[in-house]
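Structure file model12.pdb (PDB, C-alpha atoms and all ligand atoms) is printed below.
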```
ATOM      1  CA  MET A  24      52.437  40.858 136.404
ATOM      2  CA  THR A  25      51.814  40.652 140.122
ATOM      3  CA  THR A  26      52.984  38.249 142.770
ATOM      4  CA  LEU A  27      49.571  36.623 142.655
ATOM      5  CA  THR A  28      49.916  35.576 139.035
ATOM      6  CA  ARG A  29      52.526  33.082 137.960
ATOM      7  CA  SER A  30      54.419  34.229 134.902
ATOM      8  CA  ARG A  31      53.888  31.931 131.949
ATOM      9  CA  ILE A  32      56.925  30.811 130.016
ATOM     10  CA  LEU A  33      56.886  29.004 126.688
ATOM     11  CA  ILE A  34      59.860  26.724 126.020
ATOM     12  CA  VAL A  35      60.442  25.956 122.348
ATOM     13  CA  GLU A  36      62.937  23.109 122.118
ATOM     14  CA  ASP A  37      62.785  19.830 120.212
ATOM     15  CA  GLU A  38      65.249  17.946 122.401
ATOM     16  CA  ARG A  39      63.230  16.397 125.168
ATOM     17  CA  ALA A  40      66.039  16.176 127.727
ATOM     18  CA  VAL A  41      66.969  19.827 127.279
ATOM     19  CA  ALA A  42      63.359  20.913 127.470
ATOM     20  CA  ARG A  43      62.763  18.862 130.606
ATOM     21  CA  GLY A  44      65.756  20.476 132.322
ATOM     22  CA  LEU A  45      64.468  23.951 131.531
ATOM     23  CA  GLU A  46      60.937  22.996 132.498
ATOM     24  CA  TYR A  47      62.012  21.612 135.851
ATOM     25  CA  ALA A  48      64.159  24.655 136.669
ATOM     26  CA  LEU A  49      61.480  27.187 135.702
ATOM     27  CA  ASP A  50      58.724  25.247 137.406
ATOM     28  CA  SER A  51      60.628  25.042 140.666
ATOM     29  CA  GLU A  52      61.105  28.828 140.527
ATOM     30  CA  GLY A  53      57.339  29.248 140.400
ATOM     31  CA  PHE A  54      56.802  29.815 136.692
ATOM     32  CA  GLU A  55      54.013  28.211 134.741
ATOM     33  CA  VAL A  56      55.639  26.392 131.852
ATOM     34  CA  PHE A  57      54.481  25.327 128.388
ATOM     35  CA  TRP A  58      56.520  23.237 126.006
ATOM     36  CA  ALA A  59      56.491  23.317 122.220
ATOM     37  CA  LYS A  60      58.538  20.714 120.319
ATOM     38  CA  THR A  61      58.256  22.366 116.909
ATOM     39  CA  GLY A  62      58.003  25.819 115.407
ATOM     40  CA  GLN A  63      54.372  25.290 114.444
ATOM     41  CA  GLU A  64      53.519  24.237 117.993
ATOM     42  CA  ALA A  65      55.308  27.336 119.249
ATOM     43  CA  LEU A  66      53.132  29.587 117.117
ATOM     44  CA  ALA A  67      49.948  27.754 118.145
ATOM     45  CA  LEU A  68      50.803  27.846 121.870
ATOM     46  CA  THR A  69      51.726  31.531 121.730
ATOM     47  CA  TYR A  70      48.255  32.324 120.414
ATOM     48  CA  SER A  71      46.373  29.966 122.725
ATOM     49  CA  GLU A  72      48.304  30.415 125.986
ATOM     50  CA  HIS A  73      49.640  33.994 125.740
ATOM     51  CA  PRO A  74      52.968  33.316 127.446
ATOM     52  CA  ASP A  75      54.713  36.237 129.169
ATOM     53  CA  ALA A  76      58.071  35.247 127.684
ATOM     54  CA  ILE A  77      59.397  32.747 125.141
ATOM     55  CA  LEU A  78      62.604  30.706 125.251
ATOM     56  CA  LEU A  79      63.183  29.890 121.614
ATOM     57  CA  ASP A  80      65.667  27.364 120.264
ATOM     58  CA  ILE A  81      66.859  28.153 116.746
ATOM     59  CA  ARG A  82      67.309  24.585 115.481
ATOM     60  CA  LEU A  83      63.853  23.047 115.267
ATOM     61  CA  PRO A  84      62.600  20.163 113.117
ATOM     62  CA  ASP A  85      60.131  22.145 111.010
ATOM     63  CA  ILE A  86      60.427  25.937 110.685
ATOM     64  CA  SER A  87      63.446  27.513 112.347
ATOM     65  CA  GLY A  88      63.297  29.514 115.567
ATOM     66  CA  LEU A  89      64.288  32.545 113.520
ATOM     67  CA  ASP A  90      61.140  32.179 111.422
ATOM     68  CA  VAL A  91      59.036  31.720 114.537
ATOM     69  CA  CYS A  92      60.475  34.969 115.899
ATOM     70  CA  ARG A  93      59.921  36.807 112.623
ATOM     71  CA  ARG A  94      56.305  35.655 112.375
ATOM     72  CA  LEU A  95      55.423  36.537 115.954
ATOM     73  CA  ARG A  96      56.850  40.044 115.578
ATOM     74  CA  ALA A  97      55.147  40.498 112.203
ATOM     75  CA  ASP A  98      51.873  39.612 113.948
ATOM     76  CA  GLY A  99      52.500  42.279 116.577
ATOM     77  CA  LYS A 100      53.334  39.857 119.410
ATOM     78  CA  ARG A 101      55.463  41.793 121.875
ATOM     79  CA  GLN A 102      56.402  39.405 124.665
ATOM     80  CA  PRO A 103      60.146  39.043 125.357
ATOM     81  CA  ILE A 104      61.821  36.414 123.167
ATOM     82  CA  LEU A 105      65.097  34.870 124.332
ATOM     83  CA  MET A 106      66.852  32.882 121.628
ATOM     84  CA  LEU A 107      68.818  29.761 122.559
ATOM     85  CA  THR A 108      71.870  29.443 120.315
ATOM     86  CA  ALA A 109      74.965  27.292 120.073
ATOM     87  CA  ARG A 110      78.314  28.958 120.505
ATOM     88  CA  ASP A 111      79.195  28.560 116.836
ATOM     89  CA  GLU A 112      76.021  30.227 115.569
ATOM     90  CA  GLU A 113      77.276  33.815 115.626
ATOM     91  CA  VAL A 114      75.300  34.676 112.503
ATOM     92  CA  ASP A 115      72.073  33.336 114.007
ATOM     93  CA  LYS A 116      72.564  35.410 117.138
ATOM     94  CA  VAL A 117      72.708  38.677 115.245
ATOM     95  CA  LEU A 118      69.965  37.612 112.852
ATOM     96  CA  GLY A 119      67.750  36.684 115.790
ATOM     97  CA  LEU A 120      68.155  40.136 117.311
ATOM     98  CA  GLU A 121      67.477  41.741 113.960
ATOM     99  CA  LEU A 122      64.262  39.758 113.646
ATOM    100  CA  GLY A 123      63.041  41.091 116.960
ATOM    101  CA  ALA A 124      64.438  38.799 119.668
ATOM    102  CA  ASP A 125      65.255  40.625 122.897
ATOM    103  CA  ASP A 126      68.193  38.567 124.017
ATOM    104  CA  TYR A 127      70.048  35.350 123.364
ATOM    105  CA  ILE A 128      71.490  32.683 125.616
ATOM    106  CA  VAL A 129      74.465  30.696 124.385
ATOM    107  CA  LYS A 130      74.549  26.919 124.876
ATOM    108  CA  PRO A 131      75.808  25.353 126.998
ATOM    109  CA  TYR A 132      74.140  27.561 129.591
ATOM    110  CA  SER A 133      73.550  27.091 133.274
ATOM    111  CA  LEU A 134      69.933  26.856 134.389
ATOM    112  CA  ARG A 135      70.673  29.591 136.896
ATOM    113  CA  GLU A 136      71.666  31.863 134.024
ATOM    114  CA  VAL A 137      68.472  31.082 132.133
ATOM    115  CA  ILE A 138      66.325  31.880 135.171
ATOM    116  CA  SER A 139      68.073  35.174 135.791
ATOM    117  CA  ARG A 140      67.794  36.207 132.118
ATOM    118  CA  VAL A 141      64.099  35.343 132.059
ATOM    119  CA  ARG A 142      63.507  37.292 135.265
ATOM    120  CA  ALA A 143      65.415  40.289 133.900
ATOM    121  CA  GLN A 144      63.313  40.302 130.733
ATOM    122  CA  LEU A 145      60.040  39.976 132.621
ATOM    123  CA  ARG A 146      61.001  42.712 135.064
ATOM    124  CA  ARG A 147      61.986  45.004 132.234
ATOM    125  CA  ALA A 148      59.017  44.231 130.050
ATOM    126  CA  TYR A 149      56.221  44.338 132.585
ATOM    127  CA  GLY A 150      57.506  45.989 135.740
ATOM    128  CA  GLU A 151      59.572  49.071 135.381
ATOM    129  CA  LEU A 152      58.015  50.925 132.481
ATOM    130  CA  ALA A 153      54.536  50.504 133.873
ATOM    131  CA  ALA A 154      55.765  51.906 137.180
ATOM    132  CA  SER A 155      57.494  54.858 135.539
ATOM    133  CA  ALA A 156      54.464  55.705 133.412
ATOM    134  CA  ASP A 157      52.777  57.601 136.231
ATOM    135  CA  ASP A 158      55.060  60.617 136.297
ATOM    136  CA  ASN A 159      55.033  61.427 132.612
ATOM    137  CA  GLN A 160      52.673  59.838 130.160
ATOM    138  CA  GLN A 161      54.070  61.377 126.992
ATOM    139  CA  LEU A 162      57.506  62.270 125.713
ATOM    140  CA  ARG A 163      57.501  64.335 122.553
ATOM    141  CA  PHE A 164      60.425  65.286 120.307
ATOM    142  CA  GLY A 165      59.306  66.958 117.101
ATOM    143  CA  ASP A 166      57.508  64.376 114.983
ATOM    144  CA  LEU A 167      58.384  61.567 117.398
ATOM    145  CA  SER A 168      56.338  60.808 120.503
ATOM    146  CA  LEU A 169      56.393  58.056 123.112
ATOM    147  CA  ASP A 170      53.280  57.128 125.028
ATOM    148  CA  LEU A 171      54.558  55.501 128.210
ATOM    149  CA  SER A 172      51.256  54.181 129.455
ATOM    150  CA  ARG A 173      50.364  52.483 126.172
ATOM    151  CA  LEU A 174      53.984  51.645 125.280
ATOM    152  CA  GLU A 175      53.368  53.099 121.846
ATOM    153  CA  VAL A 176      55.502  55.202 119.556
ATOM    154  CA  GLU A 177      54.269  57.586 116.916
ATOM    155  CA  HIS A 178      56.486  58.880 114.141
ATOM    156  CA  LYS A 179      55.156  61.418 111.645
ATOM    157  CA  GLY A 180      51.630  60.684 112.795
ATOM    158  CA  ARG A 181      51.959  56.964 112.211
ATOM    159  CA  LEU A 182      52.087  54.220 114.836
ATOM    160  CA  VAL A 183      55.411  52.349 114.758
ATOM    161  CA  GLU A 184      55.674  48.794 116.080
ATOM    162  CA  LEU A 185      58.569  48.399 118.497
ATOM    163  CA  THR A 186      59.508  45.331 120.498
ATOM    164  CA  PRO A 187      59.589  45.816 124.282
ATOM    165  CA  THR A 188      63.370  46.017 124.196
ATOM    166  CA  GLU A 189      63.371  48.564 121.393
ATOM    167  CA  PHE A 190      60.852  50.611 123.351
ATOM    168  CA  ARG A 191      62.940  50.503 126.522
ATOM    169  CA  LEU A 192      66.048  51.449 124.595
ATOM    170  CA  LEU A 193      64.260  54.396 122.981
ATOM    171  CA  HIS A 194      62.840  55.410 126.344
ATOM    172  CA  TYR A 195      66.287  55.310 127.936
ATOM    173  CA  LEU A 196      67.803  57.396 125.131
ATOM    174  CA  ALA A 197      64.913  59.853 125.222
ATOM    175  CA  ARG A 198      65.368  60.398 128.935
ATOM    176  CA  HIS A 199      68.956  61.523 128.264
ATOM    177  CA  PRO A 200      68.635  63.830 125.277
ATOM    178  CA  GLY A 201      71.904  65.088 123.854
ATOM    179  CA  GLN A 202      73.947  63.032 126.310
ATOM    180  CA  PRO A 203      76.506  60.507 125.035
ATOM    181  CA  LEU A 204      75.734  57.062 126.466
ATOM    182  CA  SER A 205      78.178  54.189 126.472
ATOM    183  CA  ARG A 206      77.173  50.714 125.326
ATOM    184  CA  SER A 207      77.733  49.359 128.825
ATOM    185  CA  GLN A 208      75.469  52.027 130.329
ATOM    186  CA  MET A 209      72.841  51.053 127.804
ATOM    187  CA  ILE A 210      73.216  47.338 128.537
ATOM    188  CA  GLU A 211      72.836  47.897 132.264
ATOM    189  CA  ALA A 212      69.865  50.232 131.907
ATOM    190  CA  VAL A 213      67.944  48.445 129.177
ATOM    191  CA  TRP A 214      68.833  44.762 129.562
ATOM    192  CA  GLY A 215      69.621  44.825 133.264
ATOM    193  CA  TYR A 216      72.895  42.962 132.918
ATOM    194  CA  ASP A 217      76.301  43.737 134.249
ATOM    195  CA  SER A 218      78.205  45.255 131.411
ATOM    196  CA  ASP A 219      80.674  42.471 130.875
ATOM    197  CA  LEU A 220      82.100  41.753 127.475
ATOM    198  CA  GLY A 221      80.119  40.523 124.527
ATOM    199  CA  TYR A 222      76.985  42.652 124.472
ATOM    200  CA  ASP A 223      78.140  45.491 122.241
ATOM    201  CA  ARG A 224      76.680  43.776 119.193
ATOM    202  CA  THR A 225      73.337  43.511 120.950
ATOM    203  CA  VAL A 226      73.267  47.269 121.456
ATOM    204  CA  ASP A 227      74.399  47.968 117.895
ATOM    205  CA  VAL A 228      71.772  45.701 116.351
ATOM    206  CA  HIS A 229      69.004  47.299 118.366
ATOM    207  CA  MET A 230      70.230  50.795 117.512
ATOM    208  CA  ARG A 231      70.241  49.840 113.850
ATOM    209  CA  ARG A 232      66.627  48.698 114.176
ATOM    210  CA  LEU A 233      65.593  51.959 115.844
ATOM    211  CA  ARG A 234      67.219  53.844 112.988
ATOM    212  CA  GLN A 235      65.428  51.721 110.410
ATOM    213  CA  LYS A 236      62.103  52.345 112.072
ATOM    214  CA  LEU A 237      62.461  55.967 113.168
ATOM    215  CA  GLU A 238      64.931  57.752 110.887
ATOM    216  CA  ASP A 239      64.001  59.244 107.501
ATOM    217  CA  ASP A 240      67.353  58.070 106.158
ATOM    218  CA  PRO A 241      68.731  55.281 108.394
ATOM    219  CA  ALA A 242      72.141  55.531 106.688
ATOM    220  CA  ASN A 243      72.418  59.201 107.699
ATOM    221  CA  PRO A 244      70.816  59.310 111.129
ATOM    222  CA  ARG A 245      69.844  62.710 112.566
ATOM    223  CA  ARG A 246      68.306  61.387 115.738
ATOM    224  CA  PHE A 247      70.277  58.331 116.859
ATOM    225  CA  ILE A 248      73.847  59.531 116.596
ATOM    226  CA  THR A 249      76.957  57.373 116.901
ATOM    227  CA  VAL A 250      79.457  58.850 119.344
ATOM    228  CA  ARG A 251      82.811  57.504 118.277
ATOM    229  CA  GLY A 252      84.661  55.605 120.997
ATOM    230  CA  ILE A 253      81.703  55.843 123.386
ATOM    231  CA  GLY A 254      78.363  54.689 122.068
ATOM    232  CA  TYR A 255      75.316  56.681 121.073
ATOM    233  CA  LYS A 256      73.320  59.771 121.834
ATOM    234  CA  PHE A 257      69.771  60.840 121.185
ATOM    235  CA  GLN A 258      69.489  64.159 119.356
ATOM    236  CA  PRO A 259      66.054  65.564 120.215
ATOM    237  CA  GLU A 260      65.736  67.813 117.135
TER     238      GLU A 260
HETATM  239 CA    CA B 301      67.067  22.035 118.749
END
```
So that I can check it, write out the structure of this file as structure tokens.
Ligand code: CA
Amino acid sequence: MTTLTRSRILIVEDERAVARGLEYALDSEGFEVFWAKTGQEALALTYSEHPDAILLDIRLPDISGLDVCRRLRADGKRQPILMLTARDEEVDKVLGLELGADDYIVKPYSLREVISRVRAQLRRAYGELAASADDNQQLRFGDLSLDLSRLEVEHKGRLVELTPTEFRLLHYLARHPGQPLSRSQMIEAVWGYDSDLGYDRTVDVHMRRLRQKLEDDPANPRRFITVRGIGYKFQPE
């Protein structure tokens, strides 16, 4: 992503008025915007237009936003996905993160908030890791290795699919081996948000996913350790 290329954002939202508001706000900030009214259109546009990020409403007329998210991740699509959820959809929020969404935005939201969340995700996904890849291409901890230039993770000789957020979280942990990290430190470093209330679940869900993907026994983690009253630490061996 350079300043010469406009970032491409896919809005998935069946309510025309809501979609138009988002479209107008993103367009006036210089983004190139695509609009899908249904889940099927969202899948088709993701494959044809390769958006850099996806704003994904959960309640859609055909397949749900959760299914769209699940399918894209199952197909190896790694662009940031921001779920749009209503305040009373607590279950959906957590489920969305578990299915591979990077973040969620609770309705009613301000357009300013949406723009800043989208920018944060784009910056995190395409800017900072690429820049940091120069100094050290590979991090290796026993049977786990991170390739920072390819954004790939190998565990026991096998390539493991991580979302961009999972990769950044792992990278952050791996850069602080053995050091207890609080959830708010993790939120600031990985998501780029001020550590106000309400994001602890986001961290916990992502840590659970890392354990599922990279621990032999996710219920008895040896690598991603809970530090009671603080957060987590990465145990290198
Ligand atoms: Ca809707």
Report the closest atom pair, with its distance in Å rounded to one decimal, for each residue of range 80-99 of chain A that has an atom no farther than 10 Å from range 29-35 of chain A; count all atoms listed in the file, sort by chain and then rising residue number, and write it as a Markdown table.
```
| residue | atom | partner | partner_atom | distance |
| --- | --- | --- | --- | --- |
| A:Asp80 | CA | A:Val35 | CA | 5.8 |
| A:Ile81 | CA | A:Val35 | CA | 8.8 |
| A:Arg82 | CA | A:Val35 | CA | 9.8 |
| A:Leu83 | CA | A:Val35 | CA | 8.4 |
| A:Gly88 | CA | A:Val35 | CA | 8.2 |
| A:Val91 | CA | A:Val35 | CA | 9.8 |
```
Could you check which of A:Asp125, A:Glu46, A:Asp166, A:Asp239 is closest to Glu260 in chain A, using only C-alpha atoms? A:Asp166
Check what the PyMOL selection byres (((chain A and resi 242-251) around 10) and not hetatm) selects in the file above and give those residues as a ChimeraX atom specification. /A:164,193,196,200-205,227,230-231,233-235,237-241,252-260
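As for CA of Val183 in chain A and CA of Leu167 in chain A, they are spaced 10.0 Å apart.
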Report, in Å to a single decimal, how far apart CA of Ala67 in chain A and CA of Arg43 in chain A are.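 Atom-to-atom, CA of Arg43 in chain A and CA of Ala67 in chain A are spaced 20.0 Å apart.
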Using all atoms listed in the file, which protein or nucleic acid residues are at most 10 Å from ligand CA 301 (chain B), as a tab-separated table (two decimals) with C-alpha atoms, in the coordinates of the input?
```tsv
chain	number	residue	atom	x	y	z
A	35	VAL	CA	60.44	25.96	122.35
A	36	GLU	CA	62.94	23.11	122.12
A	37	ASP	CA	62.78	19.83	120.21
A	38	GLU	CA	65.25	17.95	122.40
A	39	ARG	CA	63.23	16.40	125.17
A	41	VAL	CA	66.97	19.83	127.28
A	42	ALA	CA	63.36	20.91	127.47
A	60	LYS	CA	58.54	20.71	120.32
A	61	THR	CA	58.26	22.37	116.91
A	79	LEU	CA	63.18	29.89	121.61
A	80	ASP	CA	65.67	27.36	120.26
A	81	ILE	CA	66.86	28.15	116.75
A	82	ARG	CA	67.31	24.58	115.48
A	83	LEU	CA	63.85	23.05	115.27
A	84	PRO	CA	62.60	20.16	113.12
A	87	SER	CA	63.45	27.51	112.35
A	88	GLY	CA	63.30	29.51	115.57
A	107	LEU	CA	68.82	29.76	122.56
A	108	THR	CA	71.87	29.44	120.32
A	109	ALA	CA	74.96	27.29	120.07
```
Test item: axis-aligned box, all listed atoms of range 221-240 of chain A, 6 Å on each side, centre and edges in Å rounded to one decimal, as AutoDock Vina command-line options:
```
--center_x 71.1 --center_y 49.9 --center_z 115.3 --size_x 30.0 --size_y 30.7 --size_z 30.4
```
Could you tell me which residues the PyMOL selection byres (((chain A and resi 207) around 12) and not hetatm) returns for this structure, as a PDB file with C-alpha atoms, in the frame of the given file?
```
ATOM      1  CA  PRO A 203      76.506  60.507 125.035  1.00  0.00           C
ATOM      2  CA  LEU A 204      75.734  57.062 126.466  1.00  0.00           C
ATOM      3  CA  SER A 205      78.178  54.189 126.472  1.00  0.00           C
ATOM      4  CA  ARG A 206      77.173  50.714 125.326  1.00  0.00           C
ATOM      5  CA  GLN A 208      75.469  52.027 130.329  1.00  0.00           C
ATOM      6  CA  MET A 209      72.841  51.053 127.804  1.00  0.00           C
ATOM      7  CA  ILE A 210      73.216  47.338 128.537  1.00  0.00           C
ATOM      8  CA  GLU A 211      72.836  47.897 132.264  1.00  0.00           C
ATOM      9  CA  ALA A 212      69.865  50.232 131.907  1.00  0.00           C
ATOM     10  CA  VAL A 213      67.944  48.445 129.177  1.00  0.00           C
ATOM     11  CA  TRP A 214      68.833  44.762 129.562  1.00  0.00           C
ATOM     12  CA  GLY A 215      69.621  44.825 133.264  1.00  0.00           C
ATOM     13  CA  TYR A 216      72.895  42.962 132.918  1.00  0.00           C
ATOM     14  CA  ASP A 217      76.301  43.737 134.249  1.00  0.00           C
ATOM     15  CA  SER A 218      78.205  45.255 131.411  1.00  0.00           C
ATOM     16  CA  ASP A 219      80.674  42.471 130.875  1.00  0.00           C
ATOM     17  CA  LEU A 220      82.100  41.753 127.475  1.00  0.00           C
ATOM     18  CA  GLY A 221      80.119  40.523 124.527  1.00  0.00           C
ATOM     19  CA  TYR A 222      76.985  42.652 124.472  1.00  0.00           C
ATOM     20  CA  ASP A 223      78.140  45.491 122.241  1.00  0.00           C
ATOM     21  CA  ARG A 224      76.680  43.776 119.193  1.00  0.00           C
ATOM     22  CA  THR A 225      73.337  43.511 120.950  1.00  0.00           C
ATOM     23  CA  VAL A 226      73.267  47.269 121.456  1.00  0.00           C
ATOM     24  CA  ASP A 227      74.399  47.968 117.895  1.00  0.00           C
ATOM     25  CA  ILE A 253      81.703  55.843 123.386  1.00  0.00           C
ATOM     26  CA  GLY A 254      78.363  54.689 122.068  1.00  0.00           C
ATOM     27  CA  TYR A 255      75.316  56.681 121.073  1.00  0.00           C
TER      28      TYR A 255
END
```
Between CA of Glu189 in chain A and CA of Glu52 in chain A, distance in Å (one decimal):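 Spanning CA of Glu189 in chain A to CA of Glu52 in chain A is a straight-line distance of 27.6 Å.
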Give me the residues within 9 Å of Tyr127 in chain A as a list in words, counting all atoms listed in the file and dropping any in the same chain fewer than 6 places off.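 Near neighbours after the sequence-gap exclusion: Leu78, Leu79, Ile104, Leu105, Met106, Leu107, Thr108, Lys116, Gly119 and Leu120 of chain A.
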For the provided coordinates, the residues matched by the PyMOL selection byres (((chain A and resi 162) around 10) and not hetatm) should be stated as a PDB file with C-alpha atoms, keeping the file's coordinate frame.
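Final file, expr-v3.pdb:
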```
ATOM      1  CA  ASN A 159      55.033  61.427 132.612  1.00  0.00           C
ATOM      2  CA  GLN A 160      52.673  59.838 130.160  1.00  0.00           C
ATOM      3  CA  GLN A 161      54.070  61.377 126.992  1.00  0.00           C
ATOM      4  CA  ARG A 163      57.501  64.335 122.553  1.00  0.00           C
ATOM      5  CA  PHE A 164      60.425  65.286 120.307  1.00  0.00           C
ATOM      6  CA  GLY A 165      59.306  66.958 117.101  1.00  0.00           C
ATOM      7  CA  LEU A 167      58.384  61.567 117.398  1.00  0.00           C
ATOM      8  CA  SER A 168      56.338  60.808 120.503  1.00  0.00           C
ATOM      9  CA  LEU A 169      56.393  58.056 123.112  1.00  0.00           C
ATOM     10  CA  ASP A 170      53.280  57.128 125.028  1.00  0.00           C
ATOM     11  CA  LEU A 171      54.558  55.501 128.210  1.00  0.00           C
ATOM     12  CA  VAL A 176      55.502  55.202 119.556  1.00  0.00           C
ATOM     13  CA  HIS A 194      62.840  55.410 126.344  1.00  0.00           C
ATOM     14  CA  ALA A 197      64.913  59.853 125.222  1.00  0.00           C
ATOM     15  CA  ARG A 198      65.368  60.398 128.935  1.00  0.00           C
TER      16      ARG A 198
END
```
Need to verify the contact set: Val137 in chain A, 9 Å, only C-alpha atoms, exclusion of same-chain residues closer than 2 positions in sequence. Can you return it as a PyMOL selection string? chain A and resi 45+48-49+128+132-135+139-142
Skipping near chain neighbours, those fewer than 6 positions away, what residues fall within 9 Å of Leu68 in chain A using all atoms listed in the file, listed as a CSV table (one decimal) with C-alpha atoms, keeping the file's coordinate frame?
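Ended up saving to part.csv:
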```
chain,number,residue,atom,x,y,z
A,33,LEU,CA,56.9,29.0,126.7
A,57,PHE,CA,54.5,25.3,128.4
A,58,TRP,CA,56.5,23.2,126.0
A,59,ALA,CA,56.5,23.3,122.2
A,74,PRO,CA,53.0,33.3,127.4
```
Using all atoms listed in the file for the distances, tell me which of A:Asp50, A:Ala148, A:Arg94, A:Ile138 is nearest to Tyr70 in chain A.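 Of the candidates, the smallest distance to Tyr70 in chain A is held by A:Arg94.
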For Glu121 in chain A, work out the shell of residues within 8 Å, counting all atoms listed in the file and skipping chain neighbours fewer than 2 positions away, then give it as a ChimeraX atom specification. /A:117-119,123-124,228-229,232
Find the spatial neighbours of Gly99 in chain A, counting only C-alpha atoms, within a cut-off of 10 Å - ignore same-chain residues fewer than 6 positions away - and output them as a PyMOL selection string. chain A and resi 184-186
Which is closer to Ala76 in chain A than all the others in A:His199, A:Arg181, A:Lys100, A:Arg191, using all atoms listed in the file? A:Lys100
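Nearest to Arg110 in chain A of all the residues A:Leu122, A:Leu66, A:Val129, A:Ile77 is A:Val129, based on only C-alpha atoms.
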Since the input lacks some atoms of range 87-99 of chain A, please model N, CA, C and O atoms and print them as a CSV table (one decimal), in the coordinates of the input.
```csv
chain,number,residue,atom,x,y,z
A,87,SER,N,62.4,27.2,111.4
A,87,SER,CA,63.4,27.5,112.3
A,87,SER,C,62.9,28.5,113.4
A,87,SER,O,61.9,29.2,113.2
A,88,GLY,N,63.6,28.6,114.5
A,88,GLY,CA,63.3,29.5,115.6
A,88,GLY,C,63.3,30.9,115.1
A,88,GLY,O,62.6,31.8,115.5
A,89,LEU,N,64.2,31.2,114.1
A,89,LEU,CA,64.3,32.5,113.5
A,89,LEU,C,63.0,32.9,112.8
A,89,LEU,O,62.5,34.0,112.9
A,90,ASP,N,62.4,31.9,112.1
A,90,ASP,CA,61.1,32.2,111.4
A,90,ASP,C,60.0,32.4,112.4
A,90,ASP,O,59.1,33.2,112.2
A,91,VAL,N,60.1,31.6,113.5
A,91,VAL,CA,59.0,31.7,114.5
A,91,VAL,C,59.1,33.1,115.1
A,91,VAL,O,58.1,33.8,115.2
A,92,CYS,N,60.3,33.6,115.4
A,92,CYS,CA,60.5,35.0,115.9
A,92,CYS,C,59.9,36.0,114.9
A,92,CYS,O,59.2,36.9,115.3
A,93,ARG,N,60.3,35.8,113.7
A,93,ARG,CA,59.9,36.8,112.6
A,93,ARG,C,58.4,36.9,112.5
A,93,ARG,O,57.8,37.9,112.5
A,94,ARG,N,57.8,35.7,112.5
A,94,ARG,CA,56.3,35.7,112.4
A,94,ARG,C,55.6,36.3,113.6
A,94,ARG,O,54.6,37.0,113.4
A,95,LEU,N,56.1,36.0,114.8
A,95,LEU,CA,55.4,36.5,116.0
A,95,LEU,C,55.5,38.1,115.9
A,95,LEU,O,54.6,38.8,116.2
A,96,ARG,N,56.7,38.6,115.6
A,96,ARG,CA,56.8,40.0,115.6
A,96,ARG,C,56.0,40.7,114.5
A,96,ARG,O,55.4,41.7,114.6
A,97,ALA,N,56.0,40.0,113.3
A,97,ALA,CA,55.1,40.5,112.2
A,97,ALA,C,53.7,40.5,112.6
A,97,ALA,O,52.9,41.4,112.1
A,98,ASP,N,53.3,39.6,113.5
A,98,ASP,CA,51.9,39.6,113.9
A,98,ASP,C,51.6,40.5,115.1
A,98,ASP,O,50.6,40.5,115.7
A,99,GLY,N,52.7,41.3,115.5
A,99,GLY,CA,52.5,42.3,116.6
A,99,GLY,C,52.6,41.7,118.0
A,99,GLY,O,52.3,42.3,119.0
```
